[in-house]
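J.: Here it is, the structure, as structure tokens.
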Amino acid sequence: MAIVYRRPKALNELEMHYCPGCNHGIVHRLVAEAIDELDIEGRTIGIAPVGCAVKAYDYFACDMVEAAHGRAPAIATGLKRTMPDSVVFTYQGDGDLAAIGMCETVHAAARGENITVIFINNAIYGMTGGQMAPTTLPNQITQTSPYGRDTKTTGFPIRVCEMLSTLEGVALAQRVAVDSVKNVRIAKKAIKRAFENQINGRGYSIIEILSACPTNWGLSPREALVWLRENMLKYYPLGIYKDKYPEGGESK
């Protein structure tokens with residue numbers, strides 16, 4: 001019998017710790033599939049964040065480094081510059097990347113560091129109990145905004161892809177989602193493209209992935225996907241916000 005579906009080699013055979021309905025597992029698989037298909041596991045180094053994906057170092061078969069909260073781009077910069085033939089990716093949530101790590105994020109992108117960034121946006125702090133994040137939607141209820149996010153006092157959510165797309169060093173900024181089969185396929189293609197950009201020396205690539213957090217949203221896994229489609233997709237439209245090499249050209 002032909003095997004049509006199997007665990008990627010770059011993904012370790014472990015039971016994941018994520019909550020039911022969490023989309024981290026899907027994204028882990030997509031990253032691992034891209035690593036397998038590009039045959040780069042032996043020279044890939046991943047940077048694990050502080051947050052729900054803090055144990056990413058257990059799940060990926062490639063070399064992994066644990067970064068202090070928000071410092072993944074700085075670690076990635078050092079690794080890539082000292083080992084330019086390696087393939088370096090960061091795996092970060094919205095708190096890690098867009099709050100405490102925003103400085104490192106912006107300046108790594110501005111410098112055009114030749115790294116790949118996988119950014120999980122679930123509009124909330126997951127690991128620490130569901131507090132308001134930089135990406136929390138207006139009027140969204142969280143542990144620290146029980147009456148909904150009031151933009152008059154807390155400001156507006158940060159659209160990371162739109163912001164980073166204004167920087168010269170960014171080769172690719174794309175927002176995807178993993179709420180449907182169609183979108184999972186698009187996400188897979190985007191992640192693989194981000195790795196290809198790095199292999200070809202094209203600079204900084206970020207793939208923002210809209211993800212569900214059923215536990216902290218207080219919803220069932222099925223309800224959470226509906227909420228994502230009805231709310232997050234309106235504020236965070238999917239698409240490519242910058243593609244410096246649309247024809248796959250070499251670095252300039």
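Chain labels follow the order of the structure tokens: the first chain is A, the next B, and so on; residue numbering restarts at 1 in every chain, and ligands are counted from 1 in their shown order.
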Taking the backbone alone, and naming residues the way the document does, which bits of range 2-243 of chain A are strand (DSSP E) by DSSP, as a PyMOL selection string?
T.: chain A and resi 44-48+63-66+87-93+116-121+170-177+204-210+239-243
J.: Can you list, as a list in words, every protein, DNA or RNA residue that comes within 8 Å of range 134-138 of chain A when you count only C-alpha atoms, leaving out same-chain residues fewer than 4 positions away?
T.: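 My list of contacting residues is Asp94, Gly95, Ala98, Ala99, Asn121, Asn122, Ala123, Ile124, Gly148, Arg149, Asp150, Thr151, Phe156, Pro157, Ile158, Arg159, Met232 and Tyr235 of chain A.
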J.: Those same residues, written as an mmCIF file, in the first residue's frame with N, CA and C atoms?
T.:
```
data_model
loop_
_atom_site.group_PDB
_atom_site.id
_atom_site.type_symbol
_atom_site.label_atom_id
_atom_site.label_comp_id
_atom_site.auth_asym_id
_atom_site.auth_seq_id
_atom_site.Cartn_x
_atom_site.Cartn_y
_atom_site.Cartn_z
ATOM 1 N N ASP A 94 3.000 36.611 19.119
ATOM 2 C CA ASP A 94 2.794 38.053 19.030
ATOM 3 C C ASP A 94 3.333 38.813 20.231
ATOM 4 N N GLY A 95 3.383 38.177 21.400
ATOM 5 C CA GLY A 95 3.986 38.835 22.544
ATOM 6 C C GLY A 95 5.492 38.897 22.391
ATOM 7 N N ALA A 98 6.092 41.070 18.804
ATOM 8 C CA ALA A 98 5.515 42.402 18.613
ATOM 9 C C ALA A 98 5.427 43.247 19.878
ATOM 10 N N ALA A 99 5.798 42.670 21.033
ATOM 11 C CA ALA A 99 5.788 43.450 22.274
ATOM 12 C C ALA A 99 7.223 43.621 22.749
ATOM 13 N N ASN A 121 0.317 34.826 15.083
ATOM 14 C CA ASN A 121 -0.542 35.900 15.592
ATOM 15 C C ASN A 121 -1.891 35.303 16.000
ATOM 16 N N ASN A 122 -2.114 35.172 17.312
ATOM 17 C CA ASN A 122 -3.417 34.707 17.789
ATOM 18 C C ASN A 122 -4.133 35.764 18.627
ATOM 19 N N ALA A 123 -3.637 37.003 18.531
ATOM 20 C CA ALA A 123 -4.315 38.165 19.114
ATOM 21 C C ALA A 123 -4.434 38.131 20.635
ATOM 22 N N ILE A 124 -3.556 37.367 21.292
ATOM 23 C CA ILE A 124 -3.662 37.266 22.748
ATOM 24 C C ILE A 124 -2.359 36.664 23.296
ATOM 25 N N GLY A 148 -13.411 44.573 26.957
ATOM 26 C CA GLY A 148 -13.013 44.741 25.570
ATOM 27 C C GLY A 148 -11.890 45.756 25.448
ATOM 28 N N ARG A 149 -11.037 45.578 24.473
ATOM 29 C CA ARG A 149 -9.918 46.515 24.284
ATOM 30 C C ARG A 149 -10.431 47.893 23.903
ATOM 31 N N ASP A 150 -10.100 48.872 24.721
ATOM 32 C CA ASP A 150 -10.504 50.257 24.493
ATOM 33 C C ASP A 150 -9.348 50.975 23.805
ATOM 34 N N THR A 151 -9.502 51.272 22.530
ATOM 35 C CA THR A 151 -8.405 51.879 21.771
ATOM 36 C C THR A 151 -8.091 53.305 22.225
ATOM 37 N N PHE A 156 -4.196 51.013 19.233
ATOM 38 C CA PHE A 156 -4.726 50.083 18.239
ATOM 39 C C PHE A 156 -3.788 48.891 18.043
ATOM 40 N N PRO A 157 -4.325 47.775 17.564
ATOM 41 C CA PRO A 157 -3.486 46.605 17.266
ATOM 42 C C PRO A 157 -2.426 46.945 16.223
ATOM 43 N N ILE A 158 -1.296 46.281 16.327
ATOM 44 C CA ILE A 158 -0.195 46.514 15.392
ATOM 45 C C ILE A 158 -0.287 45.535 14.233
ATOM 46 N N ARG A 159 -0.327 46.067 13.031
ATOM 47 C CA ARG A 159 -0.305 45.229 11.828
ATOM 48 C C ARG A 159 1.147 45.060 11.404
ATOM 49 N N MET A 232 -10.677 38.216 12.930
ATOM 50 C CA MET A 232 -9.282 38.500 12.636
ATOM 51 C C MET A 232 -9.024 38.792 11.163
ATOM 52 N N TYR A 235 -9.557 42.481 10.274
ATOM 53 C CA TYR A 235 -8.562 43.450 10.723
ATOM 54 C C TYR A 235 -7.184 43.138 10.151
#
```
J.: Quick check for you: according to DSSP on this backbone, which residues of range 34-237 of chain A are classed as alpha helix (DSSP H)? Reply as a PDB file with C-alpha atoms, in the first residue's frame.
T.:
```pdb
ATOM      1  CA  ALA A  34       9.563  22.848   4.055  1.00  0.00           C
ATOM      2  CA  ILE A  35      12.835  21.820   5.709  1.00  0.00           C
ATOM      3  CA  ASP A  36      12.443  18.274   4.364  1.00  0.00           C
ATOM      4  CA  GLU A  37      11.562  19.338   0.843  1.00  0.00           C
ATOM      5  CA  LEU A  38      14.505  21.732   0.646  1.00  0.00           C
ATOM      6  CA  ALA A  56       9.823  24.154  19.981  1.00  0.00           C
ATOM      7  CA  TYR A  57      13.340  22.865  20.585  1.00  0.00           C
ATOM      8  CA  ASP A  58      11.809  19.486  21.482  1.00  0.00           C
ATOM      9  CA  TYR A  59       9.732  19.170  18.340  1.00  0.00           C
ATOM     10  CA  ALA A  72      15.148  35.702  18.874  1.00  0.00           C
ATOM     11  CA  PRO A  73      16.054  38.112  16.015  1.00  0.00           C
ATOM     12  CA  ALA A  74      19.240  39.130  17.821  1.00  0.00           C
ATOM     13  CA  ILE A  75      20.235  35.485  18.332  1.00  0.00           C
ATOM     14  CA  ALA A  76      19.359  34.703  14.713  1.00  0.00           C
ATOM     15  CA  THR A  77      21.459  37.631  13.515  1.00  0.00           C
ATOM     16  CA  GLY A  78      24.513  36.411  15.391  1.00  0.00           C
ATOM     17  CA  LEU A  79      24.124  32.827  14.223  1.00  0.00           C
ATOM     18  CA  LYS A  80      23.603  33.763  10.582  1.00  0.00           C
ATOM     19  CA  ARG A  81      26.499  36.187  10.488  1.00  0.00           C
ATOM     20  CA  THR A  82      28.943  33.774  12.091  1.00  0.00           C
ATOM     21  CA  ASP A  94       2.794  38.053  19.030  1.00  0.00           C
ATOM     22  CA  GLY A  95       3.986  38.835  22.544  1.00  0.00           C
ATOM     23  CA  MET A 102       9.561  44.705  18.658  1.00  0.00           C
ATOM     24  CA  CYS A 103      12.869  46.572  18.758  1.00  0.00           C
ATOM     25  CA  GLU A 104      14.825  43.507  17.628  1.00  0.00           C
ATOM     26  CA  THR A 105      12.165  42.715  15.027  1.00  0.00           C
ATOM     27  CA  VAL A 106      12.198  46.140  13.393  1.00  0.00           C
ATOM     28  CA  HIS A 107      15.962  46.557  13.338  1.00  0.00           C
ATOM     29  CA  ALA A 108      16.677  43.044  12.052  1.00  0.00           C
ATOM     30  CA  ALA A 109      14.217  43.744   9.243  1.00  0.00           C
ATOM     31  CA  ALA A 110      15.689  47.196   8.577  1.00  0.00           C
ATOM     32  CA  ARG A 111      19.172  45.700   8.325  1.00  0.00           C
ATOM     33  CA  THR A 151      -8.405  51.879  21.771  1.00  0.00           C
ATOM     34  CA  LYS A 152      -8.751  55.286  23.458  1.00  0.00           C
ATOM     35  CA  THR A 153      -6.580  54.111  26.331  1.00  0.00           C
ATOM     36  CA  THR A 154      -4.618  51.161  24.943  1.00  0.00           C
ATOM     37  CA  VAL A 160       3.163  43.758  11.650  1.00  0.00           C
ATOM     38  CA  CYS A 161       3.346  42.816   7.957  1.00  0.00           C
ATOM     39  CA  GLU A 162       2.092  46.208   6.835  1.00  0.00           C
ATOM     40  CA  MET A 163       4.620  47.984   9.048  1.00  0.00           C
ATOM     41  CA  LEU A 164       7.633  45.864   8.090  1.00  0.00           C
ATOM     42  CA  VAL A 181      -7.283  23.302   3.826  1.00  0.00           C
ATOM     43  CA  LYS A 182      -6.910  26.009   1.181  1.00  0.00           C
ATOM     44  CA  ASN A 183      -5.217  28.413   3.563  1.00  0.00           C
ATOM     45  CA  VAL A 184      -2.952  25.722   4.993  1.00  0.00           C
ATOM     46  CA  ARG A 185      -1.682  25.043   1.471  1.00  0.00           C
ATOM     47  CA  ILE A 186      -1.047  28.750   0.907  1.00  0.00           C
ATOM     48  CA  ALA A 187       0.758  28.949   4.253  1.00  0.00           C
ATOM     49  CA  LYS A 188       2.959  25.993   3.332  1.00  0.00           C
ATOM     50  CA  LYS A 189       3.960  27.630   0.063  1.00  0.00           C
ATOM     51  CA  ALA A 190       4.732  30.918   1.821  1.00  0.00           C
ATOM     52  CA  ILE A 191       6.906  29.278   4.485  1.00  0.00           C
ATOM     53  CA  LYS A 192       8.870  27.355   1.878  1.00  0.00           C
ATOM     54  CA  ARG A 193       9.337  30.539  -0.148  1.00  0.00           C
ATOM     55  CA  ALA A 194      10.681  32.341   2.922  1.00  0.00           C
ATOM     56  CA  PHE A 195      13.308  29.629   3.362  1.00  0.00           C
ATOM     57  CA  GLU A 196      14.169  29.768  -0.344  1.00  0.00           C
ATOM     58  CA  ASN A 197      14.697  33.519  -0.058  1.00  0.00           C
ATOM     59  CA  GLN A 198      17.250  32.958   2.681  1.00  0.00           C
ATOM     60  CA  ILE A 199      19.028  30.182   0.773  1.00  0.00           C
ATOM     61  CA  PRO A 214      -9.490  28.354  21.783  1.00  0.00           C
ATOM     62  CA  THR A 215      -8.462  28.095  25.434  1.00  0.00           C
ATOM     63  CA  ASN A 216      -7.854  31.792  26.030  1.00  0.00           C
ATOM     64  CA  TRP A 217     -10.605  32.908  23.681  1.00  0.00           C
ATOM     65  CA  PRO A 221     -11.799  24.578  18.613  1.00  0.00           C
ATOM     66  CA  ARG A 222     -14.530  24.769  15.966  1.00  0.00           C
ATOM     67  CA  GLU A 223     -15.923  28.042  17.348  1.00  0.00           C
ATOM     68  CA  ALA A 224     -12.428  29.504  17.469  1.00  0.00           C
ATOM     69  CA  LEU A 225     -11.923  28.983  13.735  1.00  0.00           C
ATOM     70  CA  VAL A 226     -15.231  30.731  13.051  1.00  0.00           C
ATOM     71  CA  TRP A 227     -14.203  33.615  15.318  1.00  0.00           C
ATOM     72  CA  LEU A 233      -9.450  38.275   8.849  1.00  0.00           C
ATOM     73  CA  LYS A 234     -11.230  41.632   8.740  1.00  0.00           C
ATOM     74  CA  TYR A 235      -8.562  43.450  10.723  1.00  0.00           C
TER      75      TYR A 235
END
```
J.: Would you work out the distance separating CA of Leu97 in chain A from CA of Phe60 in chain A, expressed in Å to one decimal?
T.: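 A separation of 20.0 Å between them.
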J.: Quick one: of A:Ile141, A:Gly112, A:Val117, A:Gly51, who's nearest to Ile100 in chain A, counting only C-alpha atoms?
T.: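 Of the candidates, the smallest distance to Ile100 in chain A is held by A:Gly51.
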J.: Quick one: of A:Leu14, A:Val4, A:Met83, A:Ile47, who's nearest to Glu66 in chain A, counting only C-alpha atoms?
T.: A:Ile47
J.: Find the residues around Gln92 in chain A up to 6 Å (only C-alpha atoms counted), leave out those fewer than 2 positions away in its own chain, and share them as an MDAnalysis selection string.
T.: chainID A and resid 49 96:97 119
J.: For Gln174 in chain A, please output as a short mmCIF file (atom, residue, chain, number, x, y, z; two decimals) with C-alpha atoms, in the first residue's frame all residues within 6 Å (counting only C-alpha atoms; exclusion window: fewer than 6 positions along the same chain).
T.:
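Ended up saving to out-v6.cif:
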```cif
data_model
loop_
_atom_site.label_atom_id
_atom_site.label_comp_id
_atom_site.auth_asym_id
_atom_site.auth_seq_id
_atom_site.Cartn_x
_atom_site.Cartn_y
_atom_site.Cartn_z
CA ILE A 207 5.49 34.94 7.36
CA GLY A 239 -1.94 38.47 1.37
CA ILE A 240 1.55 39.46 0.29
CA TYR A 241 2.50 42.90 1.59
#
```
J.: I need the residue nearest Gly126 in chain A from this list: A:Met16, A:Leu11, A:Cys62, A:Val54. Use only C-alpha atoms for the distance.
T.: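 So, comparing all the options, the nearest one is A:Val54.
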